[in-house]
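Participant: Quick one, coords-v3.cif (mmCIF, C-alpha atoms):
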```
data_coords
loop_
_atom_site.label_atom_id
_atom_site.label_comp_id
_atom_site.auth_asym_id
_atom_site.auth_seq_id
_atom_site.Cartn_x
_atom_site.Cartn_y
_atom_site.Cartn_z
CA MET A 1 -4.95 19.72 -3.54
CA SER A 2 -6.55 17.89 -0.66
CA GLU A 3 -5.31 17.44 2.86
CA ARG A 4 -2.76 14.62 3.11
CA ASP A 5 -2.16 12.33 6.08
CA VAL A 6 1.57 11.71 6.50
CA VAL A 7 3.02 9.14 8.89
CA VAL A 8 6.37 10.29 10.29
CA LEU A 9 8.79 7.57 11.39
CA VAL A 10 11.71 8.71 13.53
CA GLY A 11 14.64 6.29 13.58
CA SER A 12 16.00 7.40 16.94
CA LEU A 13 14.32 6.15 20.10
CA ARG A 14 15.97 8.65 22.48
CA ARG A 15 13.66 11.10 24.25
CA ALA A 16 16.17 13.91 23.54
CA SER A 17 16.74 12.85 19.93
CA ILE A 18 17.78 15.56 17.50
CA ASN A 19 15.77 13.71 14.85
CA LEU A 20 12.67 13.70 17.01
CA ARG A 21 13.15 17.45 17.47
CA LEU A 22 13.52 17.81 13.68
CA ALA A 23 10.32 15.79 13.16
CA LYS A 24 8.47 18.10 15.57
CA VAL A 25 9.84 21.18 13.77
CA LEU A 26 8.60 19.74 10.46
CA GLN A 27 5.24 19.01 12.07
CA ALA A 28 4.99 22.61 13.29
CA ILE A 29 5.93 24.28 10.00
CA ALA A 30 4.15 21.89 7.64
CA PRO A 31 1.74 23.49 5.21
CA THR A 32 -1.87 23.07 6.34
CA ARG A 33 -2.53 20.51 3.59
CA LEU A 34 -0.02 18.11 5.19
CA THR A 35 -0.91 16.56 8.54
CA LEU A 36 2.24 15.02 9.99
CA ASP A 37 1.65 12.30 12.59
CA ILE A 38 4.71 10.99 14.43
CA VAL A 39 4.13 7.26 14.86
CA PRO A 40 6.35 5.59 17.49
CA ILE A 41 8.28 2.47 16.43
CA GLY A 42 10.18 1.62 19.61
CA ASP A 43 7.63 -0.88 20.90
CA LEU A 44 7.38 -2.96 17.72
CA PRO A 45 8.51 -6.51 18.50
CA LEU A 46 11.42 -7.62 16.33
CA TYR A 47 10.18 -9.09 13.10
CA ASN A 48 10.00 -12.90 13.27
CA GLN A 49 8.07 -14.73 10.59
CA ASP A 50 6.98 -17.33 13.14
CA LEU A 51 4.83 -14.61 14.77
CA ASP A 52 3.26 -13.52 11.48
CA THR A 53 0.17 -15.69 11.75
CA GLU A 54 -3.54 -14.97 11.38
CA LYS A 55 -3.17 -13.03 14.64
CA PRO A 56 0.21 -11.23 14.57
CA PRO A 57 1.39 -9.15 17.57
CA SER A 58 -1.09 -6.34 18.17
CA ALA A 59 1.65 -3.71 17.83
CA TRP A 60 2.42 -5.01 14.32
CA ALA A 61 -1.25 -4.97 13.33
CA ALA A 62 -1.76 -1.42 14.63
CA PHE A 63 1.41 -0.18 12.92
CA ARG A 64 0.52 -1.81 9.61
CA ASP A 65 -2.99 -0.41 9.74
CA ARG A 66 -1.77 3.12 10.52
CA VAL A 67 0.75 3.16 7.67
CA ARG A 68 -1.73 1.57 5.26
CA ARG A 69 -4.30 4.32 6.00
CA SER A 70 -1.79 7.13 5.41
CA ASP A 71 -1.26 8.98 2.16
CA ALA A 72 2.53 9.09 2.55
CA VAL A 73 5.47 8.41 4.87
CA LEU A 74 8.24 10.73 5.99
CA PHE A 75 11.35 9.03 7.37
CA VAL A 76 13.49 11.10 9.77
CA THR A 77 16.62 9.18 10.66
CA PRO A 78 19.94 9.54 12.39
CA GLU A 79 22.98 7.67 11.20
CA TYR A 80 24.34 4.77 13.24
CA ASN A 81 27.55 3.19 11.95
CA ARG A 82 26.97 4.58 8.45
CA SER A 83 23.49 3.08 8.25
CA LEU A 84 20.01 3.44 9.65
CA PRO A 85 19.05 2.44 13.20
CA ALA A 86 17.85 -1.10 13.87
CA ALA A 87 14.46 0.14 15.11
CA LEU A 88 13.73 1.79 11.77
CA LYS A 89 14.91 -1.26 9.82
CA ASN A 90 12.63 -3.40 11.98
CA ALA A 91 9.67 -1.10 11.23
CA LEU A 92 10.41 -1.50 7.53
CA GLU A 93 10.44 -5.30 7.92
CA VAL A 94 7.21 -5.36 9.93
CA GLY A 95 5.49 -3.21 7.31
CA SER A 96 6.77 -5.21 4.35
CA ARG A 97 5.46 -8.56 5.58
CA PRO A 98 3.78 -10.93 5.06
CA TYR A 99 4.85 -11.21 1.45
CA GLY A 100 2.32 -9.67 -0.89
CA LYS A 101 0.73 -7.52 1.83
CA SER A 102 3.33 -4.77 2.22
CA VAL A 103 1.99 -1.48 3.58
CA TRP A 104 4.77 0.31 1.68
CA GLU A 105 3.59 -0.68 -1.80
CA ASN A 106 3.50 2.46 -4.02
CA LYS A 107 3.44 4.73 -0.96
CA PRO A 108 4.94 8.20 -1.59
CA GLY A 109 7.80 8.88 0.79
CA ALA A 110 10.64 11.22 1.67
CA VAL A 111 13.82 10.87 3.68
CA THR A 112 15.53 13.39 5.90
CA GLY A 113 17.72 13.36 8.95
CA ALA A 114 19.87 15.35 11.29
CA SER A 115 23.18 14.76 12.96
CA PRO A 116 25.59 16.56 15.26
CA GLY A 117 28.30 15.43 12.79
CA LEU A 118 29.29 17.05 9.54
CA LEU A 119 27.69 14.52 7.18
CA GLY A 120 24.16 15.10 8.48
CA GLY A 121 23.20 11.44 8.27
CA SER A 122 23.63 11.28 4.50
CA ALA A 123 25.06 7.73 4.54
CA ALA A 124 22.08 6.47 6.53
CA ALA A 125 19.71 8.27 4.18
CA LEU A 126 21.36 6.72 1.15
CA HIS A 127 21.11 3.26 2.67
CA LEU A 128 17.47 3.89 3.62
CA ARG A 129 16.70 5.05 0.07
CA GLN A 130 18.12 1.76 -1.27
CA ILE A 131 15.86 -0.22 1.05
CA LEU A 132 12.81 1.87 0.19
CA VAL A 133 13.29 1.14 -3.51
CA SER A 134 13.16 -2.58 -2.73
CA VAL A 135 9.83 -2.25 -0.88
CA ASN A 136 8.43 -0.02 -3.64
CA VAL A 137 8.21 3.30 -1.79
CA ALA A 138 8.27 6.17 -4.29
CA VAL A 139 10.93 8.36 -2.65
CA LEU A 140 11.05 12.10 -3.32
CA PRO A 141 14.26 12.51 -5.35
CA GLN A 142 14.88 16.21 -4.61
CA PRO A 143 15.35 18.23 -2.53
CA GLU A 144 17.42 16.17 -0.16
CA VAL A 145 17.68 17.39 3.44
CA TYR A 146 20.48 16.18 5.71
CA LEU A 147 21.13 18.62 8.52
CA SER A 148 24.70 18.60 9.78
CA SER A 149 25.72 20.12 13.13
CA ALA A 150 22.02 20.04 13.96
CA ASP A 151 22.66 20.08 17.70
CA LYS A 152 23.88 23.66 17.27
CA PHE A 153 20.72 25.06 15.72
CA ILE A 154 17.81 22.89 16.90
CA ASP A 155 17.48 23.86 20.54
CA GLU A 156 16.03 21.83 23.42
CA ALA A 157 12.62 23.40 22.85
CA GLY A 158 12.70 22.21 19.25
CA LEU A 159 13.15 25.64 17.71
CA ILE A 160 15.47 26.39 14.82
CA SER A 161 17.39 29.61 15.20
CA SER A 162 18.10 30.09 11.49
CA ASP A 163 15.49 31.69 9.22
CA ALA A 164 17.32 30.23 6.21
CA THR A 165 17.07 26.70 7.64
CA ASN A 166 13.38 27.18 8.40
CA ALA A 167 12.82 28.36 4.82
CA PHE A 168 14.83 25.41 3.48
CA LEU A 169 12.72 22.96 5.50
CA GLY A 170 9.56 24.71 4.35
CA ASN A 171 10.64 24.29 0.72
CA PHE A 172 11.32 20.60 1.40
CA LEU A 173 7.81 20.14 2.80
CA ASP A 174 6.26 22.00 -0.14
CA ALA A 175 8.13 19.75 -2.58
CA PHE A 176 7.07 16.68 -0.60
CA GLY A 177 3.44 17.81 -0.63
CA ALA A 178 3.57 18.26 -4.41
CA TRP A 179 5.17 14.79 -4.70
CA VAL A 180 2.41 13.21 -2.64
CA ASP A 181 -0.28 15.01 -4.69
CA LYS A 182 1.34 13.77 -7.90
CA LEU A 183 1.47 10.13 -6.78
CA ALA A 184 -1.56 9.73 -4.52
#
```
Here is a file; write its structure as structure tokens.
Facilitator:
Amino acid sequence: MSERDVVVLVGSLRRASINLRLAKVLQAIAPTRLTLDIVPIGDLPLYNQDLDTEKPPSAWAAFRDRVRRSDAVLFVTPEYNRSLPAALKNALEVGSRPYGKSVWENKPGAVTGASPGLLGGSAAALHLRQILVSVNVAVLPQPEVYLSSADKFIDEAGLISSDATNAFLGNFLDAFGAWVDKLA
């Protein structure tokens, strides 16, 4: 097993985002063979095919290059109106274009999310999984991680108070690492 470079895309743009805190927790507890790099998506211009020329916006080019160079992608998303946030959908569009040059093609991936609500973002994750199938991301089928009431156990410093939750997240990362090794 070699070291794997994993791009982490966080759907929420808020500085105090629970999902950003979850991404940082995952980054901190990841096994040493997984290097998790949180790549910001908030500054990506909205996808517009008219801009997808020989010289697309520099933010698109940098984003596409970063994802292309990675071994895998981890999506950490909140749920907005029973779906994923527009910023994350835009990042998926930017990465999937131009046609035939998708950075997502056969990329191993996993989906997780956190919410202060009781459903833990599961509807958004399901919708995201449907989209990822269409852009040919090989999504880790199990275990699924949707943290409900996350605001109660991920504190402001990004620490999780529950040993069981930390172990659960560690098992998720181990399974993801094995998935990436299998497909990469």
Participant: Using only C-alpha atoms for the distances, tell me which of A:Phe75, A:Val145, A:Leu169, A:Pro40 is nearest to Arg15 of chain A.
Facilitator: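 Selected residue with least distance to Arg15 of chain A: A:Pro40.
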Participant: Just want the 12 Å neighbourhood of Ile160 of chain A, counted on all atoms listed in the file, with same-chain residues fewer than 4 positions away dropped. Output as number ranges by chain.
Facilitator: A: 18, 21-26, 28-29, 147, 150-156, 164-169
Participant: As an exercise, work out the distance from atom CA of Leu183 of chain A to atom CA of Gln130 of chain A in Å and give it to one decimal place.
Facilitator: 19.4 Å
Participant: What's the separation between atom CA of Asp52 of chain A and atom CA of Gly100 of chain A, in Å to one decimal place?
Facilitator: 13.0 Å
Participant: Counting only C-alpha atoms, what is within 9 Å of segment 43-49 of chain A, bar same-chain residues fewer than 2 positions away, as a VMD selection string?
Facilitator: chain A and resid 40 to 41 51 to 53 57 59 to 60 63 87 90 to 91 93 to 94 97 to 98
Participant: Apply the PyMOL selection byres ((chain A and resi 116) around 7) to the file shown and report the selected residues as a PyMOL selection string.
Facilitator: chain A and resi 115+117-118+148-151
Participant: Those selected residues, please, written with C-alpha atoms and delivered as a compact mmCIF listing (two decimals), keeping the file's coordinate frame.
Facilitator:
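Contents of out10.txt, freshly written:
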```
# COMPACT_ATOMS: atom_id res chain seq x y z
CA SER A 115 23.18 14.76 12.96
CA GLY A 117 28.30 15.43 12.79
CA LEU A 118 29.29 17.05 9.54
CA SER A 148 24.70 18.60 9.78
CA SER A 149 25.72 20.12 13.13
CA ALA A 150 22.02 20.04 13.96
CA ASP A 151 22.66 20.08 17.70
```
Participant: So which residues get picked by the PyMOL selection byres ((chain A and resi 38) around 10) here, written as an MDAnalysis selection string?
Facilitator: chainID A and resid 6:10 20 23:24 27 35:37 39:41 73:76
Participant: Export, as an mmCIF file, in the coordinates of the input, the selected residues with C-alpha atoms.
Facilitator:
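Dumped everything to out_7.cif:
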```
data_model
loop_
_atom_site.group_PDB
_atom_site.id
_atom_site.type_symbol
_atom_site.label_atom_id
_atom_site.label_comp_id
_atom_site.auth_asym_id
_atom_site.auth_seq_id
_atom_site.Cartn_x
_atom_site.Cartn_y
_atom_site.Cartn_z
ATOM 1 C CA VAL A 6 1.570 11.710 6.500
ATOM 2 C CA VAL A 7 3.020 9.140 8.890
ATOM 3 C CA VAL A 8 6.370 10.290 10.290
ATOM 4 C CA LEU A 9 8.790 7.570 11.390
ATOM 5 C CA VAL A 10 11.710 8.710 13.530
ATOM 6 C CA LEU A 20 12.670 13.700 17.010
ATOM 7 C CA ALA A 23 10.320 15.790 13.160
ATOM 8 C CA LYS A 24 8.470 18.100 15.570
ATOM 9 C CA GLN A 27 5.240 19.010 12.070
ATOM 10 C CA THR A 35 -0.910 16.560 8.540
ATOM 11 C CA LEU A 36 2.240 15.020 9.990
ATOM 12 C CA ASP A 37 1.650 12.300 12.590
ATOM 13 C CA VAL A 39 4.130 7.260 14.860
ATOM 14 C CA PRO A 40 6.350 5.590 17.490
ATOM 15 C CA ILE A 41 8.280 2.470 16.430
ATOM 16 C CA VAL A 73 5.470 8.410 4.870
ATOM 17 C CA LEU A 74 8.240 10.730 5.990
ATOM 18 C CA PHE A 75 11.350 9.030 7.370
ATOM 19 C CA VAL A 76 13.490 11.100 9.770
#
```
Participant: Which one is closest to Asp181 of chain A: A:Arg129, A:Leu88, A:Arg66, A:Leu140? Count only C-alpha atoms.
Facilitator: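 Closest candidate: A:Leu140.
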Participant: My list of candidates is A:Ser122, A:Thr32, A:Ser161, A:Asn136. Which is closest to Ser83 of chain A when distances are computed with all atoms listed in the file?
Facilitator: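 Of A:Ser122, A:Thr32, A:Ser161, A:Asn136, the one nearest Ser83 of chain A is A:Ser122, counting all atoms listed in the file.
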Participant: For atom CA of Gly170 of chain A and atom CA of Val137 of chain A, determine how far apart the two atoms are, in Å to one decimal place.
Facilitator: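 Between atom CA of Gly170 of chain A and atom CA of Val137 of chain A the gap is 22.3 Å.
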Participant: Using all atoms listed in the file, which of the listed residues (A:Val103, A:Leu119, A:Ile131, A:Ala86) sits closest to Val67 of chain A?
Facilitator: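 That would be A:Val103, the residue with the smallest distance to Val67 of chain A.
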Participant: Near Glu3 of chain A, within 12 Å and counting all atoms listed in the file, which residues show up once chain neighbours fewer than 6 positions away are dropped, as a count of residues only?
Facilitator: 15
